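*Asks:* Have a peek at run-v3.cif (mmCIF, C-alpha atoms and all ligand atoms).
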```
data_protein
loop_
_atom_site.label_atom_id
_atom_site.label_comp_id
_atom_site.auth_asym_id
_atom_site.auth_seq_id
_atom_site.Cartn_x
_atom_site.Cartn_y
_atom_site.Cartn_z
CA MET G 1 -16.95 -25.26 15.67
CA THR G 2 -18.47 -23.45 12.69
CA GLU G 3 -17.93 -25.14 9.35
CA GLN G 4 -17.90 -22.60 6.56
CA LYS G 5 -16.49 -21.66 3.18
CA ALA G 6 -13.49 -19.35 3.07
CA ILE G 7 -10.67 -18.17 0.82
CA VAL G 8 -7.41 -19.10 2.53
CA THR G 9 -3.67 -18.89 2.05
CA ASP G 10 -0.75 -20.31 4.05
CA ALA G 11 1.29 -17.32 5.22
CA PRO G 12 4.01 -16.51 4.36
CA ARG G 13 4.38 -19.41 1.89
CA GLY G 14 1.40 -18.39 -0.24
CA GLY G 15 -1.12 -20.18 -2.45
CA VAL G 16 -4.88 -19.71 -2.43
CA LYS G 17 -7.98 -21.91 -2.26
CA TYR G 18 -11.71 -21.54 -1.75
CA THR G 19 -12.42 -24.33 0.71
CA SER G 20 -14.33 -25.51 3.79
CA ILE G 21 -12.77 -24.61 7.12
CA ASP G 22 -13.66 -25.16 10.75
CA LEU G 23 -13.28 -22.21 13.09
CA ALA G 24 -14.15 -22.18 16.78
CA GLU G 25 -16.70 -19.57 17.86
CA PRO G 26 -14.85 -17.05 20.05
CA GLU G 27 -15.63 -17.02 23.78
CA HIS G 28 -16.71 -13.38 23.60
CA TYR G 29 -18.21 -11.44 20.70
CA ASP G 30 -20.80 -8.68 20.19
CA ALA G 31 -21.84 -9.26 16.60
CA LYS G 32 -22.18 -12.04 14.06
CA LEU G 33 -21.56 -10.81 10.52
CA SER G 34 -21.23 -11.98 6.93
CA PRO G 35 -19.41 -10.44 3.94
CA VAL G 36 -21.25 -8.58 1.20
CA TYR G 37 -18.31 -7.31 -0.88
CA ILE G 38 -14.58 -7.73 -0.26
CA GLY G 39 -11.98 -5.87 -2.28
CA ILE G 40 -8.67 -7.36 -3.28
CA CYS G 41 -5.44 -5.41 -3.52
CA GLY G 42 -1.70 -5.80 -3.99
CA THR G 43 -1.30 -7.09 -0.44
CA ASP G 44 -3.68 -10.01 -1.06
CA ARG G 45 -1.87 -10.81 -4.32
CA GLY G 46 1.52 -10.53 -2.61
CA GLU G 47 0.37 -12.96 0.09
CA VAL G 48 -0.87 -15.48 -2.48
CA ALA G 49 2.40 -15.18 -4.42
CA GLY G 50 4.35 -15.83 -1.18
CA ALA G 51 6.13 -12.48 -1.64
CA LEU G 52 5.32 -10.96 1.78
CA SER G 53 7.68 -12.40 4.40
CA PHE G 54 6.09 -10.36 7.23
CA THR G 55 2.74 -12.20 6.98
CA TYR G 56 1.88 -15.14 9.26
CA ASN G 57 -0.97 -17.50 10.15
CA PRO G 58 -2.92 -17.11 13.42
CA GLU G 59 -1.20 -18.86 16.32
CA GLY G 60 -1.56 -22.65 16.19
CA GLN G 61 -3.17 -22.66 12.71
CA ASN G 62 -1.82 -23.78 9.36
CA PHE G 63 -3.83 -21.34 7.25
CA LEU G 64 -4.86 -17.69 7.10
CA VAL G 65 -8.25 -16.51 5.84
CA LEU G 66 -7.59 -13.70 3.32
CA GLY G 67 -9.46 -10.41 2.92
CA HIS G 68 -9.15 -7.06 4.69
CA GLU G 69 -11.11 -4.61 2.46
CA ALA G 70 -14.51 -5.68 3.71
CA LEU G 71 -18.10 -4.53 3.64
CA LEU G 72 -20.08 -6.72 6.05
CA ARG G 73 -23.73 -7.18 6.98
CA VAL G 74 -24.74 -7.49 10.63
CA ASP G 75 -26.64 -10.78 11.03
CA ASP G 76 -26.96 -10.66 14.80
CA VAL G 77 -25.80 -8.22 17.47
CA LYS G 78 -26.13 -7.82 21.23
CA ASP G 79 -28.22 -4.91 22.49
CA ASN G 80 -26.45 -1.59 21.83
CA ASP G 81 -27.04 2.00 20.62
CA TYR G 82 -24.81 1.95 17.54
CA ILE G 83 -25.55 -0.90 15.16
CA LYS G 84 -28.52 -3.16 14.58
CA LYS G 85 -29.26 -6.31 12.64
CA GLY G 86 -29.22 -5.66 8.89
CA ASP G 87 -26.78 -2.69 9.04
CA LEU G 88 -23.78 -2.58 6.76
CA VAL G 89 -20.44 -2.06 8.52
CA VAL G 90 -16.74 -1.86 7.69
CA PRO G 91 -14.43 -3.72 10.09
CA LEU G 92 -11.08 -2.31 11.25
CA VAL G 93 -8.14 -4.22 9.78
CA ARG G 94 -5.54 -3.59 12.46
CA ARG G 95 -6.23 -4.68 16.03
CA PRO G 96 -4.42 -3.07 18.95
CA GLY G 97 -1.57 -4.46 21.00
CA LYS G 98 -0.40 -3.08 24.34
CA CYS G 99 1.85 -0.13 23.44
CA VAL G 100 0.89 3.46 24.22
CA ASN G 101 -0.34 4.21 20.68
CA CYS G 102 -2.37 0.99 20.53
CA ARG G 103 -3.99 1.82 23.88
CA ILE G 104 -5.38 5.12 22.55
CA GLY G 105 -6.94 3.68 19.39
CA ARG G 106 -3.92 4.53 17.25
CA GLN G 107 -2.69 1.02 16.48
CA ASP G 108 -1.92 2.43 13.01
CA ASN G 109 0.98 4.17 14.77
CA CYS G 110 1.97 1.11 16.90
CA SER G 111 5.28 1.86 18.64
CA ILE G 112 6.43 -1.75 18.62
CA GLY G 113 5.10 -3.38 15.45
CA ASP G 114 4.61 -7.13 15.22
CA PRO G 115 3.76 -9.10 17.25
CA ASP G 116 2.23 -6.30 19.36
CA LYS G 117 -0.64 -5.69 16.93
CA HIS G 118 -2.37 -7.89 14.34
CA GLU G 119 -3.92 -7.26 10.95
CA ALA G 120 -6.93 -9.23 9.76
CA GLY G 121 -6.07 -11.29 6.71
CA ILE G 122 -2.39 -10.27 6.87
CA THR G 123 -0.61 -10.86 10.19
CA GLY G 124 -1.80 -13.44 12.72
CA LEU G 125 -5.53 -12.82 12.46
CA HIS G 126 -8.06 -14.34 10.04
CA GLY G 127 -9.43 -12.01 7.39
CA PHE G 128 -13.01 -11.51 6.22
CA MET G 129 -13.29 -13.84 3.19
CA ARG G 130 -15.41 -16.39 5.08
CA ASP G 131 -19.13 -17.02 5.54
CA VAL G 132 -19.27 -16.25 9.26
CA ILE G 133 -17.43 -13.49 11.13
CA TYR G 134 -17.59 -12.71 14.85
CA ASP G 135 -16.46 -9.31 16.06
CA ASP G 136 -16.78 -6.62 18.71
CA ILE G 137 -18.73 -3.40 18.13
CA GLU G 138 -15.70 -1.21 18.89
CA TYR G 139 -14.00 -2.55 15.73
CA LEU G 140 -16.95 -1.91 13.41
CA VAL G 141 -17.76 1.33 11.60
CA LYS G 142 -21.35 1.77 10.45
CA VAL G 143 -22.20 2.73 6.86
CA GLU G 144 -24.75 5.51 7.50
CA ASP G 145 -25.45 6.46 3.85
CA PRO G 146 -27.85 3.98 2.23
CA ASP G 147 -27.04 5.39 -1.24
CA LEU G 148 -23.41 4.25 -1.11
CA GLY G 149 -24.20 0.65 -2.04
CA LYS G 150 -21.16 -1.36 -3.08
CA THR G 151 -19.04 1.83 -3.21
CA ALA G 152 -18.74 1.47 0.60
CA VAL G 153 -16.25 -1.35 -0.03
CA LEU G 154 -13.75 1.44 -0.87
CA THR G 155 -13.80 2.65 2.77
CA GLU G 156 -10.84 0.49 3.75
CA PRO G 157 -8.47 1.62 0.97
CA LEU G 158 -9.67 5.24 1.39
CA LYS G 159 -9.03 5.30 5.14
CA ASN G 160 -5.30 5.03 4.33
CA VAL G 161 -5.59 8.23 2.28
CA MET G 162 -7.36 10.05 5.12
CA LYS G 163 -4.55 9.12 7.50
CA ALA G 164 -1.89 10.18 4.97
CA PHE G 165 -3.53 13.62 4.77
CA GLU G 166 -3.41 13.80 8.57
CA VAL G 167 0.33 13.16 8.27
CA PHE G 168 0.55 15.85 5.56
CA ASP G 169 -1.33 18.31 7.81
CA VAL G 170 1.16 17.75 10.61
CA VAL G 171 4.40 17.85 8.64
CA SER G 172 3.38 20.69 6.27
CA LYS G 173 3.18 23.02 9.29
CA ARG G 174 6.99 23.30 9.36
CA SER G 175 6.57 26.40 7.19
CA ILE G 176 3.73 28.19 5.40
CA PHE G 177 2.57 25.65 2.81
CA PHE G 178 -0.61 27.33 1.56
CA GLY G 179 -0.67 30.27 -0.84
CA GLU G 180 -1.06 33.98 -0.12
CA ASP G 181 -4.83 33.59 -0.55
CA SER G 182 -4.83 31.15 2.43
CA THR G 183 -5.79 28.15 0.22
CA LEU G 184 -4.02 25.25 -1.51
CA ILE G 185 -5.51 26.29 -4.87
CA GLY G 186 -2.78 26.08 -7.48
CA LYS G 187 -0.47 23.91 -5.35
CA ARG G 188 0.63 20.88 -7.31
CA MET G 189 0.06 17.34 -6.06
CA VAL G 190 1.52 14.47 -8.06
CA ILE G 191 0.59 10.85 -7.40
CA ILE G 192 2.84 8.09 -8.69
CA GLY G 193 0.68 5.18 -9.87
CA SER G 194 -2.81 4.80 -11.32
CA GLY G 195 -4.36 2.02 -9.27
CA SER G 196 -7.27 2.29 -6.82
CA GLU G 197 -5.26 3.99 -4.05
CA ALA G 198 -3.92 6.54 -6.54
CA PHE G 199 -7.49 7.36 -7.60
CA LEU G 200 -8.60 7.83 -3.99
CA TYR G 201 -5.56 10.04 -3.23
CA SER G 202 -6.34 12.12 -6.31
CA PHE G 203 -9.99 12.75 -5.30
CA ALA G 204 -8.96 13.69 -1.75
CA GLY G 205 -6.37 16.09 -3.22
CA ILE G 206 -8.99 17.74 -5.43
CA ASP G 207 -11.22 18.22 -2.35
CA ARG G 208 -8.40 20.19 -0.74
CA GLY G 209 -7.86 22.46 -3.73
CA PHE G 210 -4.70 20.89 -5.15
CA ASP G 211 -3.96 20.81 -8.86
CA VAL G 212 -3.72 17.00 -9.09
CA THR G 213 -1.86 14.87 -11.63
CA MET G 214 -1.65 11.09 -11.58
CA VAL G 215 1.41 9.67 -13.37
CA ASN G 216 2.46 6.31 -14.75
CA ARG G 217 4.95 5.11 -17.36
CA HIS G 218 2.27 4.14 -19.88
CA ASP G 219 -0.93 5.58 -21.31
CA GLU G 220 -4.16 4.84 -19.47
CA THR G 221 -7.45 3.13 -20.37
CA GLU G 222 -10.47 5.12 -21.52
CA ASN G 223 -12.42 4.20 -18.37
CA LYS G 224 -9.65 5.52 -16.11
CA LEU G 225 -9.24 8.77 -18.09
CA LYS G 226 -13.00 9.33 -18.03
CA ILE G 227 -13.17 8.98 -14.24
CA MET G 228 -10.16 11.31 -13.77
CA ASP G 229 -11.76 13.85 -16.08
CA GLU G 230 -15.05 13.79 -14.10
CA PHE G 231 -13.14 14.68 -10.92
CA GLY G 232 -10.82 17.23 -12.58
CA VAL G 233 -7.73 15.04 -12.14
CA LYS G 234 -5.03 15.18 -14.84
CA PHE G 235 -2.98 12.25 -16.08
CA ALA G 236 0.58 12.21 -17.46
CA ASN G 237 2.54 9.38 -19.04
CA TYR G 238 5.80 10.53 -17.47
CA LEU G 239 7.96 8.94 -20.16
CA LYS G 240 6.51 11.57 -22.53
CA ASP G 241 5.55 14.36 -20.13
CA MET G 242 7.36 14.79 -16.80
CA PRO G 243 5.57 17.03 -14.26
CA GLU G 244 7.75 19.71 -12.61
CA LYS G 245 7.46 21.92 -9.50
CA ILE G 246 5.67 19.51 -7.17
CA ASP G 247 4.43 20.65 -3.74
CA LEU G 248 3.02 17.32 -2.53
CA LEU G 249 4.29 14.04 -3.94
CA VAL G 250 2.53 10.79 -3.05
CA ASP G 251 4.03 7.46 -4.07
CA THR G 252 1.82 4.39 -4.44
CA SER G 253 4.45 2.33 -6.32
CA GLY G 254 7.08 1.51 -3.71
CA ASP G 255 9.71 1.73 -6.47
CA PRO G 256 12.78 3.72 -5.32
CA THR G 257 13.96 4.61 -8.84
CA THR G 258 10.61 6.24 -9.67
CA VAL G 259 10.35 7.92 -6.26
CA PHE G 260 13.77 9.59 -6.62
CA LYS G 261 13.06 10.64 -10.22
CA PHE G 262 10.06 12.62 -8.92
CA LEU G 263 11.61 13.65 -5.62
CA ARG G 264 14.11 15.74 -7.58
CA LYS G 265 11.13 17.74 -8.94
CA VAL G 266 9.76 18.69 -5.49
CA ASN G 267 9.67 22.39 -4.53
CA ASN G 268 11.14 24.04 -1.43
CA ASN G 269 9.25 23.02 1.76
CA GLY G 270 7.61 20.23 -0.24
CA VAL G 271 6.17 17.09 1.30
CA VAL G 272 6.68 13.53 0.08
CA ILE G 273 4.34 10.82 1.37
CA LEU G 274 5.60 7.27 0.85
CA PHE G 275 2.62 4.93 0.84
CA GLY G 276 3.24 2.12 -1.68
CA THR G 277 5.46 -0.82 -0.73
CA ASN G 278 7.24 -3.27 -3.00
CA GLY G 279 9.91 -5.35 -1.31
CA LYS G 280 10.90 -6.81 -4.70
CA ALA G 281 11.62 -3.44 -6.37
CA PRO G 282 15.23 -3.04 -7.56
CA GLY G 283 17.60 -0.75 -5.63
CA TYR G 284 18.42 2.85 -6.56
CA PRO G 285 21.84 4.34 -5.87
CA VAL G 286 21.17 7.44 -3.75
CA ASP G 287 24.04 9.92 -4.23
CA GLY G 288 25.18 13.06 -2.43
CA GLU G 289 23.24 15.29 -4.81
CA ASP G 290 20.01 13.52 -3.88
CA ILE G 291 20.67 14.19 -0.20
CA ASP G 292 21.69 17.80 -0.97
CA TYR G 293 18.48 18.31 -2.89
CA ILE G 294 16.34 17.19 0.06
CA VAL G 295 18.30 19.09 2.72
CA GLU G 296 18.64 22.39 0.86
CA ARG G 297 14.89 22.55 0.21
CA ASN G 298 13.61 21.47 3.66
CA ILE G 299 11.78 18.58 2.01
CA THR G 300 9.89 16.31 4.41
CA ILE G 301 9.67 12.61 3.52
CA ALA G 302 7.08 10.76 5.60
CA GLY G 303 5.97 7.13 5.53
CA SER G 304 2.28 6.48 6.22
CA VAL G 305 0.66 3.13 6.88
CA ASP G 306 -2.85 2.01 7.83
CA ALA G 307 -5.24 4.37 9.66
CA ALA G 308 -7.29 4.82 12.82
CA LYS G 309 -11.05 4.39 13.27
CA ILE G 310 -11.57 8.15 12.77
CA HIS G 311 -10.14 7.80 9.25
CA TYR G 312 -12.71 5.09 8.39
CA VAL G 313 -15.41 7.56 9.47
CA GLN G 314 -13.85 10.33 7.36
CA ALA G 315 -13.53 7.93 4.42
CA LEU G 316 -17.25 7.15 4.53
CA GLN G 317 -18.06 10.89 4.57
CA SER G 318 -15.86 11.52 1.52
CA LEU G 319 -17.34 8.54 -0.32
CA SER G 320 -20.83 9.96 0.30
CA ASN G 321 -19.80 13.38 -1.05
CA TRP G 322 -18.15 11.94 -4.13
CA ASN G 323 -21.02 9.55 -4.74
CA ARG G 324 -23.53 12.42 -4.67
CA ARG G 325 -21.52 14.43 -7.20
CA HIS G 326 -20.22 11.64 -9.46
CA PRO G 327 -22.32 8.49 -8.91
CA ASP G 328 -21.42 6.89 -12.26
CA ALA G 329 -17.69 7.55 -11.93
CA MET G 330 -17.71 6.10 -8.41
CA LYS G 331 -19.39 2.91 -9.64
CA ASP G 332 -16.85 2.71 -12.47
CA LEU G 333 -14.03 2.47 -9.92
CA ILE G 334 -15.15 -1.12 -9.32
CA THR G 335 -13.98 -2.63 -12.57
CA TYR G 336 -14.65 -6.31 -11.88
CA GLU G 337 -16.94 -8.31 -9.57
CA ALA G 338 -15.76 -11.87 -9.03
CA LYS G 339 -17.40 -14.88 -7.41
CA PRO G 340 -15.60 -16.43 -4.42
CA THR G 341 -14.70 -19.44 -6.62
CA GLU G 342 -12.74 -17.22 -9.07
CA THR G 343 -9.44 -17.49 -7.23
CA ASN G 344 -7.51 -16.79 -10.46
CA ILE G 345 -8.08 -13.06 -9.82
CA PHE G 346 -5.39 -13.35 -7.12
CA PHE G 347 -2.84 -14.24 -9.81
CA GLN G 348 -4.06 -12.21 -12.74
CA LYS G 349 -5.27 -8.61 -12.71
CA PRO G 350 -8.32 -8.18 -14.96
CA HIS G 351 -7.48 -5.74 -17.83
CA GLY G 352 -7.94 -2.07 -16.90
CA GLU G 353 -8.35 -2.92 -13.23
CA ILE G 354 -9.01 -0.15 -10.75
CA LYS G 355 -10.69 -2.20 -8.02
CA THR G 356 -11.62 -5.87 -8.25
CA VAL G 357 -14.08 -7.04 -5.61
CA ILE G 358 -15.49 -10.39 -4.61
CA LYS G 359 -19.29 -10.39 -4.34
CA TRP G 360 -19.78 -12.80 -1.48
CA GLN G 361 -23.60 -13.02 -1.35
ZN ZN U 1 1.28 -1.30 19.61
#
```
Show me this structure written as structure tokens.
Ligand SMILES: [Zn+2]

*Replies:*
Amino acid sequence: MTEQKAIVTDAPRGGVKYTSIDLAEPEHYDAKLSPVYIGICGTDRGEVAGALSFTYNPEGQNFLVLGHEALLRVDDVKDNDYIKKGDLVVPLVRRPGKCVNCRIGRQDNCSIGDPDKHEAGITGLHGFMRDVIYDDIEYLVKVEDPDLGKTAVLTEPLKNVMKAFEVFDVVSKRSIFFGEDSTLIGKRMVIIGSGSEAFLYSFAGIDRGFDVTMVNRHDETENKLKIMDEFGVKFANYLKDMPEKIDLLVDTSGDPTTVFKFLRKVNNNGVVILFGTNGKAPGYPVDGEDIDYIVERNITIAGSVDAAKIHYVQALQSLSNWNRRHPDAMKDLITYEAKPTETNIFFQKPHGEIKTVIKWQ
């Protein structure tokens, strides 16, 4: 048994504490690791609030270690050609089950769902907010760029964006989506929300040539507007200024009322990516005109969750590019660094939050 400090909840009931736990060393592992930075997001907060009924503790245990947005240091590793002691790595969140998609490294597209696959810190597998982590090399992605620093903790949230663009690439081929000049320049992408995922979606959209606008129903902080401005992203408070003629709509809110308000502004052959989830959001009465609108314009609505290992690799490449061009703006995405003892950050978002991280060591 390894006694160690960890941040735990009791899934799906909730609660949070920084406490000592005992975990058995697994029979087989390639690497021994420890956290450097771990991000926290709406999922962690939902778990602590007891709002996520799909979460559960590992089998036979009465607690779940939190944390899935991890940047880890390799403390010890068996002989191999990929990682060595001292490297920084990002661990995969979702671990494969036995279905056909899981067997080809695409557990993000698991054909069965729970309990076929598990997610660290969310469903049936301990997360990374603990002093000692054992893992296999196949589930670790190396941070190659030494200049990334703590920005590498954004790999996990960004990998979701990379997968969503893969989904966009597939579904947008129903018709000709790009312009007559063969590019996406001038095509309008609107992102609902202005949290960390919305920022990462907006940067990835800019890279592809989209005219990108982030929207929310309030004005935004100076720090957020400055970062958007650096990247060429626009912002609209949609209560005052509603964007029209949208080619790609991405929702990070999970709120059906907001989604349908914007869906009715999507162009012919437009694509809607649903990414945000909020099981507590109030219902929206979909009427015949809503359905008509979607059908008559060949609009594709696609859900996108999680990502494959390839998307972690792509995320690290994008982070390196962005960090070279806008190093200060990238650092400003991390708006608060907490100590592991500051468990109040699971209940209360620090003001102006983009990404709150826990600095573990
Ligand atoms: Zn599966």

*Asks:* Point out the residue among G:Val215, G:Val100, G:Ile137, G:Leu158 with the least atom-to-atom distance to Ala307 of chain G, counting only C-alpha atoms.

*Replies:* G:Leu158

*Asks:* What's the 8 Å shell around Val143 of chain G, counting only C-alpha atoms, without same-chain residues fewer than 3 positions away, as number ranges by chain?

*Replies:* G: 87-90, 146, 152, 316

*Asks:* To one decimal place in Å, what is the distance between atom CA of Gly276 of chain G and atom CA of Asp251 of chain G?

*Replies:*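 Taking atom CA of Gly276 of chain G and atom CA of Asp251 of chain G, their separation equals 5.9 Å.
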
*Asks:* Kindly give the distance, in Å, that separates atom CA of Arg297 of chain G and atom CA of Ser175 of chain G, rounded to a single decimal.

*Replies:*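 Separating atom CA of Arg297 of chain G from atom CA of Ser175 of chain G is a distance of 11.5 Å.
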
*Asks:* Which residue is closest to ligand ZN 1 (chain U)? Choose from G:Ala49, G:Ile112, G:Ala236, G:Ile38 and count only C-alpha atoms and all ligand atoms.

*Replies:*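 Nearest to ligand ZN 1 (chain U): G:Ile112.
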
*Asks:* Please return as a PyMOL selection string the residues found within 12 Å of ligand ZN 1 (chain U), counting all atoms listed in the file.

*Replies:* chain G and resi 94-119

*Asks:* Kindly give the distance, in Å, that separates atom CA of Asn216 of chain G and atom CA of Val286 of chain G, rounded to a single decimal.

*Replies:*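 Between these atoms lies a distance of 21.7 Å.
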